[in-house]
$ cat entry-v2.csv   # CSV, C-alpha atoms
chain,number,residue,atom,x,y,z
N,3,MET,CA,-172.1,-91.8,290.9
N,4,ILE,CA,-169.9,-90.0,293.4
N,5,PHE,CA,-168.3,-92.0,296.2
N,6,TYR,CA,-167.1,-89.8,299.0
N,7,PHE,CA,-165.6,-89.8,302.5
N,8,SER,CA,-165.7,-86.8,304.9
N,9,GLY,CA,-164.9,-86.2,308.5
N,10,THR,CA,-165.4,-82.5,309.3
N,11,GLY,CA,-167.5,-81.8,306.2
N,12,ASN,CA,-165.1,-80.2,303.8
N,13,THR,CA,-165.2,-83.1,301.3
N,14,ARG,CA,-168.9,-83.6,301.9
N,15,TRP,CA,-169.5,-80.1,300.8
N,16,VAL,CA,-167.4,-80.5,297.6
N,17,ALA,CA,-169.2,-83.8,296.8
N,18,GLN,CA,-172.6,-82.2,297.3
N,19,GLN,CA,-171.7,-79.2,295.1
N,20,LEU,CA,-170.6,-81.6,292.4
N,21,SER,CA,-173.7,-83.8,292.7
N,22,GLN,CA,-176.0,-80.7,292.4
N,23,ALA,CA,-174.1,-79.6,289.3
N,24,THR,CA,-174.0,-83.0,287.6
N,25,GLY,CA,-177.2,-84.6,288.9
N,26,GLU,CA,-175.3,-87.7,289.9
N,27,ARG,CA,-175.8,-89.9,293.0
N,28,LEU,CA,-173.8,-89.5,296.2
N,29,VAL,CA,-172.6,-92.5,298.2
N,30,ASP,CA,-171.1,-92.0,301.7
N,31,ILE,CA,-168.4,-94.8,301.8
N,32,ALA,CA,-168.3,-94.8,305.6
N,33,GLN,CA,-172.0,-95.6,305.7
N,34,ALA,CA,-171.6,-98.1,302.9
N,35,LEU,CA,-168.9,-100.0,304.8
N,36,ARG,CA,-171.0,-100.0,308.0
N,37,GLN,CA,-174.0,-101.4,306.0
N,38,ASN,CA,-171.8,-103.8,303.9
N,39,ALA,CA,-173.3,-102.1,300.8
N,40,LEU,CA,-170.4,-102.8,298.5
N,41,HIS,CA,-171.9,-103.7,295.1
N,42,TYR,CA,-172.9,-101.0,292.6
N,43,THR,CA,-174.0,-100.9,289.0
N,44,LEU,CA,-173.6,-97.7,287.0
N,45,GLU,CA,-176.0,-96.7,284.2
N,46,HIS,CA,-174.4,-96.5,280.7
N,47,ASP,CA,-174.1,-92.7,280.9
N,48,GLU,CA,-173.0,-92.4,284.6
N,49,ARG,CA,-169.7,-91.0,285.5
N,50,LEU,CA,-167.6,-92.5,288.3
N,51,GLY,CA,-166.2,-90.0,290.8
N,52,PHE,CA,-164.3,-90.3,294.1
N,53,CYS,CA,-164.0,-87.5,296.6
N,54,PHE,CA,-161.9,-87.8,299.8
N,55,PRO,CA,-159.5,-85.7,302.0
N,56,THR,CA,-155.8,-86.1,302.0
N,57,HIS,CA,-154.6,-87.6,305.3
N,58,GLY,CA,-150.9,-87.4,305.9
N,59,TRP,CA,-150.2,-86.9,302.1
N,60,GLN,CA,-152.0,-90.2,301.4
N,61,PRO,CA,-155.6,-91.3,300.8
N,62,PRO,CA,-157.4,-92.1,304.1
N,63,HIS,CA,-157.2,-95.7,305.0
N,64,ILE,CA,-161.0,-95.9,305.0
N,65,MET,CA,-161.0,-94.9,301.3
N,66,ARG,CA,-158.3,-97.5,300.5
N,67,ASN,CA,-160.2,-100.1,302.4
N,68,PHE,CA,-163.4,-99.3,300.5
N,69,ILE,CA,-161.7,-99.5,297.1
N,70,GLU,CA,-160.3,-102.9,298.1
N,71,LYS,CA,-163.7,-104.3,299.0
N,72,VAL,CA,-166.1,-102.6,296.6
N,73,ALA,CA,-167.4,-104.2,293.4
N,74,ILE,CA,-168.5,-101.7,290.7
N,75,THR,CA,-170.1,-102.8,287.5
N,76,CYS,CA,-169.8,-100.4,284.6
N,77,SER,CA,-168.7,-100.1,281.0
N,78,THR,CA,-165.0,-100.2,280.1
N,79,ASN,CA,-165.0,-96.6,278.9
N,80,THR,CA,-166.7,-95.1,282.0
N,81,TYR,CA,-165.5,-91.6,282.7
N,82,THR,CA,-163.6,-91.7,286.0
N,83,TYR,CA,-162.2,-88.8,288.0
N,84,ALA,CA,-161.0,-88.1,291.6
N,85,ILE,CA,-160.9,-85.1,293.8
N,86,THR,CA,-159.0,-84.7,297.1
N,87,THR,CA,-159.4,-81.9,299.6
N,88,CYS,CA,-156.4,-80.7,301.5
N,89,GLY,CA,-155.3,-77.9,303.8
N,90,ASP,CA,-152.3,-77.0,301.6
N,91,ASP,CA,-150.8,-79.8,299.5
N,92,THR,CA,-151.4,-83.5,298.6
N,93,GLY,CA,-148.0,-85.0,297.9
N,94,GLU,CA,-148.5,-88.2,295.8
N,95,THR,CA,-151.9,-88.9,297.2
N,96,MET,CA,-153.5,-89.3,293.8
N,97,THR,CA,-150.7,-91.6,292.6
N,98,ILE,CA,-151.3,-93.9,295.5
N,99,PHE,CA,-155.1,-93.7,294.9
N,100,ASN,CA,-154.8,-94.5,291.2
N,101,ASN,CA,-152.5,-97.5,292.1
N,102,ASP,CA,-155.3,-98.8,294.3
N,103,LEU,CA,-157.9,-98.2,291.5
N,104,ARG,CA,-155.8,-100.1,288.9
N,105,LYS,CA,-156.0,-103.2,291.1
N,106,LYS,CA,-159.8,-103.1,290.5
N,107,GLY,CA,-159.5,-102.4,286.8
N,108,PHE,CA,-160.1,-98.6,287.0
N,109,HIS,CA,-158.0,-95.5,286.4
N,110,ALA,CA,-158.9,-91.9,287.1
N,111,SER,CA,-157.5,-89.8,284.3
N,112,THR,CA,-158.9,-86.5,285.6
N,113,LEU,CA,-157.6,-85.4,289.0
N,114,PHE,CA,-158.1,-82.4,291.1
N,115,SER,CA,-157.2,-81.0,294.6
N,116,VAL,CA,-159.4,-78.5,296.4
N,117,ILE,CA,-157.8,-76.4,299.2
N,118,MET,CA,-160.1,-76.2,302.1
N,119,PRO,CA,-159.7,-75.0,305.8
N,120,GLU,CA,-157.2,-76.9,307.8
N,121,THR,CA,-158.5,-79.5,310.2
N,122,TYR,CA,-155.5,-81.5,311.4
N,123,VAL,CA,-154.1,-80.1,314.7
N,124,CYS,CA,-152.3,-83.0,316.3
N,125,LEU,CA,-148.7,-82.0,315.4
N,126,PRO,CA,-146.7,-79.0,316.7
N,127,PHE,CA,-146.8,-77.1,313.4
N,128,MET,CA,-150.4,-77.8,312.5
N,129,LEU,CA,-153.0,-75.2,313.4
N,130,THR,CA,-156.5,-74.3,312.2
N,131,ASP,CA,-156.7,-71.4,309.9
N,132,THR,CA,-157.8,-68.0,311.1
N,133,PRO,CA,-161.5,-67.2,310.4
N,134,ALA,CA,-160.4,-64.8,307.7
N,135,ARG,CA,-158.3,-67.5,306.0
N,136,GLU,CA,-161.2,-70.0,306.4
N,137,HIS,CA,-163.6,-67.7,304.5
N,138,GLN,CA,-161.0,-67.0,301.9
N,139,LYS,CA,-160.3,-70.7,301.2
N,140,ILE,CA,-164.0,-71.5,301.0
N,141,ALA,CA,-164.7,-68.6,298.6
N,142,GLU,CA,-161.8,-69.7,296.4
N,143,ALA,CA,-163.0,-73.3,296.6
N,144,ARG,CA,-166.4,-72.4,295.3
N,145,THR,CA,-164.8,-71.1,292.1
N,146,VAL,CA,-162.6,-74.2,291.8
N,147,VAL,CA,-165.5,-76.6,292.3
N,148,GLU,CA,-167.6,-74.8,289.7
N,149,ARG,CA,-164.8,-75.2,287.2
N,150,ILE,CA,-164.3,-78.9,288.2
N,151,ALA,CA,-168.1,-79.5,287.7
N,152,GLU,CA,-167.9,-78.1,284.2
N,153,THR,CA,-164.9,-80.3,283.4
N,154,VAL,CA,-166.7,-83.3,284.7
N,155,LYS,CA,-169.9,-82.6,282.8
N,156,ARG,CA,-167.9,-82.4,279.6
N,157,CYS,CA,-166.1,-85.6,280.5
N,158,GLU,CA,-162.7,-84.1,279.8
N,159,THR,CA,-159.9,-86.6,280.3
N,160,GLY,CA,-156.3,-86.0,281.1
N,161,VAL,CA,-157.0,-82.9,283.3
N,162,VAL,CA,-154.6,-82.9,286.3
N,163,GLU,CA,-154.8,-79.9,288.7
N,164,LEU,CA,-153.1,-80.9,291.9
N,165,GLU,CA,-151.2,-79.0,294.6
N,166,ARG,CA,-148.5,-81.6,295.2
N,167,GLY,CA,-146.1,-79.5,297.2
N,168,ALA,CA,-142.4,-79.0,297.0
N,169,THR,CA,-141.3,-82.6,297.7
N,170,PRO,CA,-144.3,-84.8,297.1
N,171,ARG,CA,-142.5,-88.2,297.3
N,172,LEU,CA,-140.9,-87.3,300.6
N,173,TYR,CA,-144.3,-86.1,301.9
N,174,SER,CA,-146.2,-89.2,300.9
N,175,TYR,CA,-143.7,-92.1,301.0
N,176,VAL,CA,-141.6,-91.2,304.0
N,177,ILE,CA,-143.4,-88.7,306.3
N,178,GLY,CA,-146.9,-89.8,305.2
N,179,ALA,CA,-146.0,-93.5,305.4
N,180,PHE,CA,-144.9,-93.0,309.0
N,181,PHE,CA,-147.9,-90.9,309.8
N,182,ASN,CA,-150.5,-93.3,308.4
N,183,ARG,CA,-148.7,-96.3,310.0
N,184,TRP,CA,-148.3,-94.9,313.5
N,185,MET,CA,-150.5,-91.9,314.1
N,186,ILE,CA,-153.9,-93.1,312.9
N,187,THR,CA,-155.3,-94.3,316.3
N,188,ASP,CA,-158.1,-93.5,318.7
N,189,ARG,CA,-156.0,-94.3,321.8
N,190,LYS,CA,-154.8,-90.8,322.4
N,191,PHE,CA,-158.3,-89.3,322.6
N,192,THR,CA,-159.3,-88.1,326.0
N,193,VAL,CA,-162.4,-86.3,327.4
N,194,ASP,CA,-162.5,-83.8,330.3
N,195,SER,CA,-165.4,-85.1,332.4
N,196,GLN,CA,-165.8,-81.6,334.0
N,197,SER,CA,-166.2,-79.9,330.6
N,198,CYS,CA,-168.2,-82.7,328.9
N,199,ILE,CA,-172.0,-81.9,328.9
N,200,GLN,CA,-172.8,-85.4,327.7
N,201,CYS,CA,-174.6,-84.2,324.6
N,202,GLY,CA,-173.6,-87.2,322.5
N,203,LEU,CA,-172.7,-85.1,319.5
N,204,CYS,CA,-169.2,-86.7,319.2
N,205,ALA,CA,-170.7,-90.2,318.8
N,206,LYS,CA,-173.3,-88.8,316.3
N,207,VAL,CA,-170.7,-87.2,314.1
N,208,CYS,CA,-168.1,-90.0,314.2
N,209,PRO,CA,-168.2,-91.3,310.6
N,210,VAL,CA,-167.1,-94.8,311.5
N,211,GLY,CA,-169.1,-95.4,314.7
N,212,ASP,CA,-166.0,-95.5,316.9
N,213,ILE,CA,-167.5,-93.7,319.9
N,214,ALA,CA,-170.1,-94.9,322.4
N,215,GLY,CA,-171.8,-93.4,325.4
N,216,ALA,CA,-171.8,-90.1,327.1
N,217,PRO,CA,-169.2,-89.1,328.3
N,218,PRO,CA,-167.7,-90.7,325.2
N,219,VAL,CA,-165.7,-93.9,325.1
N,220,TRP,CA,-163.6,-94.7,322.1
N,221,LEU,CA,-164.0,-98.4,321.1
N,222,HIS,CA,-160.3,-99.1,319.9
N,223,ASN,CA,-161.7,-101.3,317.2
N,224,GLY,CA,-159.3,-100.2,314.5
N,225,GLN,CA,-161.9,-98.1,312.6
N,226,CYS,CA,-160.8,-94.6,313.7
N,227,THR,CA,-159.5,-92.5,310.8
N,228,CYS,CA,-158.3,-89.6,313.0
N,229,CYS,CA,-160.5,-87.3,311.0
N,230,LEU,CA,-161.0,-85.3,314.3
N,231,SER,CA,-164.7,-84.8,313.8
N,232,CYS,CA,-165.3,-85.6,317.4
N,233,TYR,CA,-162.8,-83.0,318.5
N,234,HIS,CA,-163.9,-80.3,316.2
N,235,HIS,CA,-167.6,-80.7,316.9
N,236,CYS,CA,-167.4,-80.8,320.7
N,237,PRO,CA,-169.2,-77.6,321.9
N,238,THR,CA,-167.2,-77.3,325.1
N,239,HIS,CA,-163.8,-78.4,323.7
N,240,ALA,CA,-163.9,-81.3,326.2
N,241,ILE,CA,-162.3,-83.7,323.7
N,242,ASN,CA,-158.6,-83.7,323.0
N,243,TYR,CA,-155.9,-85.7,321.3
N,244,GLY,CA,-153.2,-86.0,323.9
N,245,SER,CA,-152.3,-82.7,325.3
N,246,ILE,CA,-151.3,-80.9,322.1
N,247,THR,CA,-154.8,-79.9,321.1
N,248,ARG,CA,-155.9,-78.4,324.4
N,249,LYS,CA,-155.2,-74.9,323.2
N,250,ARG,CA,-155.8,-75.5,319.5
N,251,GLY,CA,-158.7,-74.2,317.5
N,252,GLN,CA,-161.7,-76.1,316.2
N,253,TYR,CA,-163.3,-76.1,312.7
N,254,TYR,CA,-166.0,-78.0,310.8
N,255,PHE,CA,-167.8,-77.0,307.6
N,256,LYS,CA,-171.1,-75.2,308.4
N,257,SER,CA,-173.9,-75.1,305.9
N,258,ASP,CA,-174.1,-71.3,306.1
N,259,GLN,CA,-170.4,-70.8,305.1
$ encode --input "entry-v2.csv" --output "structure tokens"
Amino acid sequence: MIFYFSGTGNTRWVAQQLSQATGERLVDIAQALRQNALHYTLEHDERLGFCFPTHGWQPPHIMRNFIEKVAITCSTNTYTYAITTCGDDTGETMTIFNNDLRKKGFHASTLFSVIMPETYVCLPFMLTDTPAREHQKIAEARTVVERIAETVKRCETGVVELERGATPRLYSYVIGAFFNRWMITDRKFTVDSQSCIQCGLCAKVCPVGDIAGAPPVWLHNGQCTCCLSCYHHCPTHAINYGSITRKRGQYYFKSDQ
């Protein structure tokens, strides 16, 4: 079984590739949380996998919330692994994630990061990749995911392939802690009513159901993950996060990439 969270599709694609290679079930945790589907039983030969993006050098709060609430019944020697996608590096994301897992009696001994096109554009130094860089990252990711799938199928333990970055503890426990405490909010999203074509796509792609109506209204219910799926999918660039994204690029994973 593979539990995954994805906003703009990068992690969904990785999870799907892994599912196709291993034949194991996919569970979208955003949907599971909405439906209160939080009890799972693994077959005796099922592996336990987790796929999620790195948000501010930490696991997304939706993934941490899911781990806190979920009940998974499996054998004590179930093979457990985790994969995080990132634009460049992960910091101590997997250390934090494994600490959360240990509270539920699990430990992922096999860990990977997969570099994918950049999606976070809400800080001065954060930009989407050029189209050429997007294609390069996805091409390289295909090779990486194929290797991960072979490792997982063989149930190899102790494999750790992570792009932690130069100062991972600073990234995750100082900068990341501030980011995830203060910058994960839907209150800075705006919509340009003159550009909005009221297609409803933003509400449809929001993984946590935080958008209603057309033009969109954010519900301010504490569920937003700042995955920026609404921003990146908007066909007219009518959605922005404050003023900083008005001249920034858009990206989401397309099935033909």
$ residues_near_point --input "entry-v2.csv" --point "(-164.5, -75.6, 329.7)" --cutoff "10 Å" --atoms "all atoms listed in the file" --output "JSON list (two decimals) with C-alpha atoms, keeping the file's coordinate frame"
[["chain", "number", "residue", "atom", "x", "y", "z"],
["N", 194, "ASP", "CA", -162.50, -83.80, 330.30],
["N", 195, "SER", "CA", -165.40, -85.10, 332.40],
["N", 196, "GLN", "CA", -165.80, -81.60, 334.00],
["N", 197, "SER", "CA", -166.20, -79.90, 330.60],
["N", 198, "CYS", "CA", -168.20, -82.70, 328.90],
["N", 199, "ILE", "CA", -172.00, -81.90, 328.90],
["N", 237, "PRO", "CA", -169.20, -77.60, 321.90],
["N", 238, "THR", "CA", -167.20, -77.30, 325.10],
["N", 239, "HIS", "CA", -163.80, -78.40, 323.70],
["N", 240, "ALA", "CA", -163.90, -81.30, 326.20]]
$ closest_residue --input "entry-v2.csv" --among "N:Phe108, N:Phe54, N:Phe114, N:Phe99" --to "Asn12 in chain N" --atoms "all atoms listed in the file"
N:Phe54
$ atom_distance --input "entry-v2.csv" --atom1 "CA of Ser8 in chain N" --atom2 "CA of Glu48 in chain N"
22.3 Å
$ atom_distance --input "entry-v2.csv" --atom1 "CA of Met128 in chain N" --atom2 "CA of Trp59 in chain N"
13.8 Å
$ closest_residue --input "entry-v2.csv" --among "N:Pro55, N:Gly215, N:Gly244, N:Pro61" --to "Pro119 in chain N" --atoms "all atoms listed in the file"
N:Pro55
$ residues_near_point --input "entry-v2.csv" --point "(-162.5, -81.7, 308.8)" --cutoff "6 Å" --atoms "all atoms listed in the file" --output "ChimeraX atom specification"
/N:9-12,121,254
$ closest_residue --input "entry-v2.csv" --among "N:Leu125, N:Tyr6, N:Pro170, N:Arg27" --to "Glu45 in chain N" --atoms "only C-alpha atoms"
N:Arg27
$ closest_residue --input "entry-v2.csv" --among "N:Arg49, N:His222, N:His234, N:Arg189" --to "Leu203 in chain N" --atoms "all atoms listed in the file"
N:His234
$ decode --input "entry-v2.csv" --residues "range 187-214 of chain N" --atoms "N, CA and C atoms" --output "CSV table (one decimal), in the first residue's frame"
chain,number,residue,atom,x,y,z
N,187,THR,N,-0.9,29.3,4.9
N,187,THR,CA,-2.2,30.0,5.1
N,187,THR,C,-2.8,30.3,3.8
N,188,ASP,N,-4.1,30.3,3.8
N,188,ASP,CA,-4.9,30.7,2.5
N,188,ASP,C,-5.3,32.2,2.5
N,189,ARG,N,-4.9,32.9,3.5
N,189,ARG,CA,-5.4,34.3,3.7
N,189,ARG,C,-4.7,35.3,2.7
N,190,LYS,N,-3.7,34.9,2.1
N,190,LYS,CA,-3.0,35.8,1.1
N,190,LYS,C,-3.4,35.5,-0.3
N,191,PHE,N,-4.3,34.5,-0.5
N,191,PHE,CA,-4.7,34.3,-1.9
N,191,PHE,C,-5.7,35.3,-2.3
N,192,THR,N,-5.6,35.8,-3.6
N,192,THR,CA,-6.5,36.7,-4.1
N,192,THR,C,-6.9,36.3,-5.5
N,193,VAL,N,-8.0,36.8,-6.1
N,193,VAL,CA,-8.4,36.5,-7.4
N,193,VAL,C,-8.7,37.8,-8.1
N,194,ASP,N,-8.2,37.9,-9.3
N,194,ASP,CA,-8.5,39.1,-10.2
N,194,ASP,C,-9.8,38.8,-10.9
N,195,SER,N,-10.9,39.5,-10.5
N,195,SER,CA,-12.2,39.2,-11.0
N,195,SER,C,-12.3,39.5,-12.5
N,196,GLN,N,-11.5,40.4,-13.0
N,196,GLN,CA,-11.5,40.7,-14.5
N,196,GLN,C,-10.8,39.6,-15.3
N,197,SER,N,-9.9,38.9,-14.7
N,197,SER,CA,-9.2,37.8,-15.4
N,197,SER,C,-9.9,36.5,-15.2
N,198,CYS,N,-10.6,36.3,-14.1
N,198,CYS,CA,-11.2,35.0,-13.7
N,198,CYS,C,-12.3,34.7,-14.7
N,199,ILE,N,-12.3,33.5,-15.3
N,199,ILE,CA,-13.3,33.1,-16.3
N,199,ILE,C,-14.4,32.2,-15.6
N,200,GLN,N,-14.3,32.1,-14.2
N,200,GLN,CA,-15.2,31.3,-13.5
N,200,GLN,C,-15.4,29.9,-13.9
N,201,CYS,N,-14.2,29.3,-14.3
N,201,CYS,CA,-14.3,27.9,-14.7
N,201,CYS,C,-14.4,26.9,-13.6
N,202,GLY,N,-14.1,27.3,-12.4
N,202,GLY,CA,-14.2,26.4,-11.3
N,202,GLY,C,-13.0,25.4,-11.1
N,203,LEU,N,-12.0,25.5,-12.0
N,203,LEU,CA,-10.9,24.5,-11.9
N,203,LEU,C,-10.1,24.6,-10.6
N,204,CYS,N,-10.0,25.8,-10.1
N,204,CYS,CA,-9.2,25.9,-8.8
N,204,CYS,C,-9.9,25.1,-7.7
N,205,ALA,N,-11.2,25.2,-7.6
N,205,ALA,CA,-11.9,24.4,-6.6
N,205,ALA,C,-11.8,22.9,-6.8
N,206,LYS,N,-11.8,22.6,-8.1
N,206,LYS,CA,-11.7,21.1,-8.4
N,206,LYS,C,-10.4,20.5,-8.1
N,207,VAL,N,-9.3,21.3,-8.3
N,207,VAL,CA,-8.0,20.7,-8.1
N,207,VAL,C,-7.5,20.9,-6.6
N,208,CYS,N,-8.1,21.7,-5.8
N,208,CYS,CA,-7.7,21.9,-4.5
N,208,CYS,C,-7.8,20.6,-3.7
N,209,PRO,N,-6.7,20.0,-3.2
N,209,PRO,CA,-6.7,18.7,-2.6
N,209,PRO,C,-7.4,18.6,-1.3
N,210,VAL,N,-7.6,19.8,-0.7
N,210,VAL,CA,-8.2,19.8,0.7
N,210,VAL,C,-9.6,20.4,0.7
N,211,GLY,N,-10.2,20.7,-0.4
N,211,GLY,CA,-11.5,21.3,-0.5
N,211,GLY,C,-11.6,22.7,0.2
N,212,ASP,N,-10.6,23.5,0.0
N,212,ASP,CA,-10.6,24.8,0.7
N,212,ASP,C,-11.1,25.9,-0.1
N,213,ILE,N,-11.6,25.6,-1.3
N,213,ILE,CA,-12.1,26.7,-2.2
N,213,ILE,C,-13.6,26.4,-2.6
N,214,ALA,N,-14.4,27.4,-2.6
N,214,ALA,CA,-15.8,27.3,-3.0
N,214,ALA,C,-16.1,28.4,-4.0
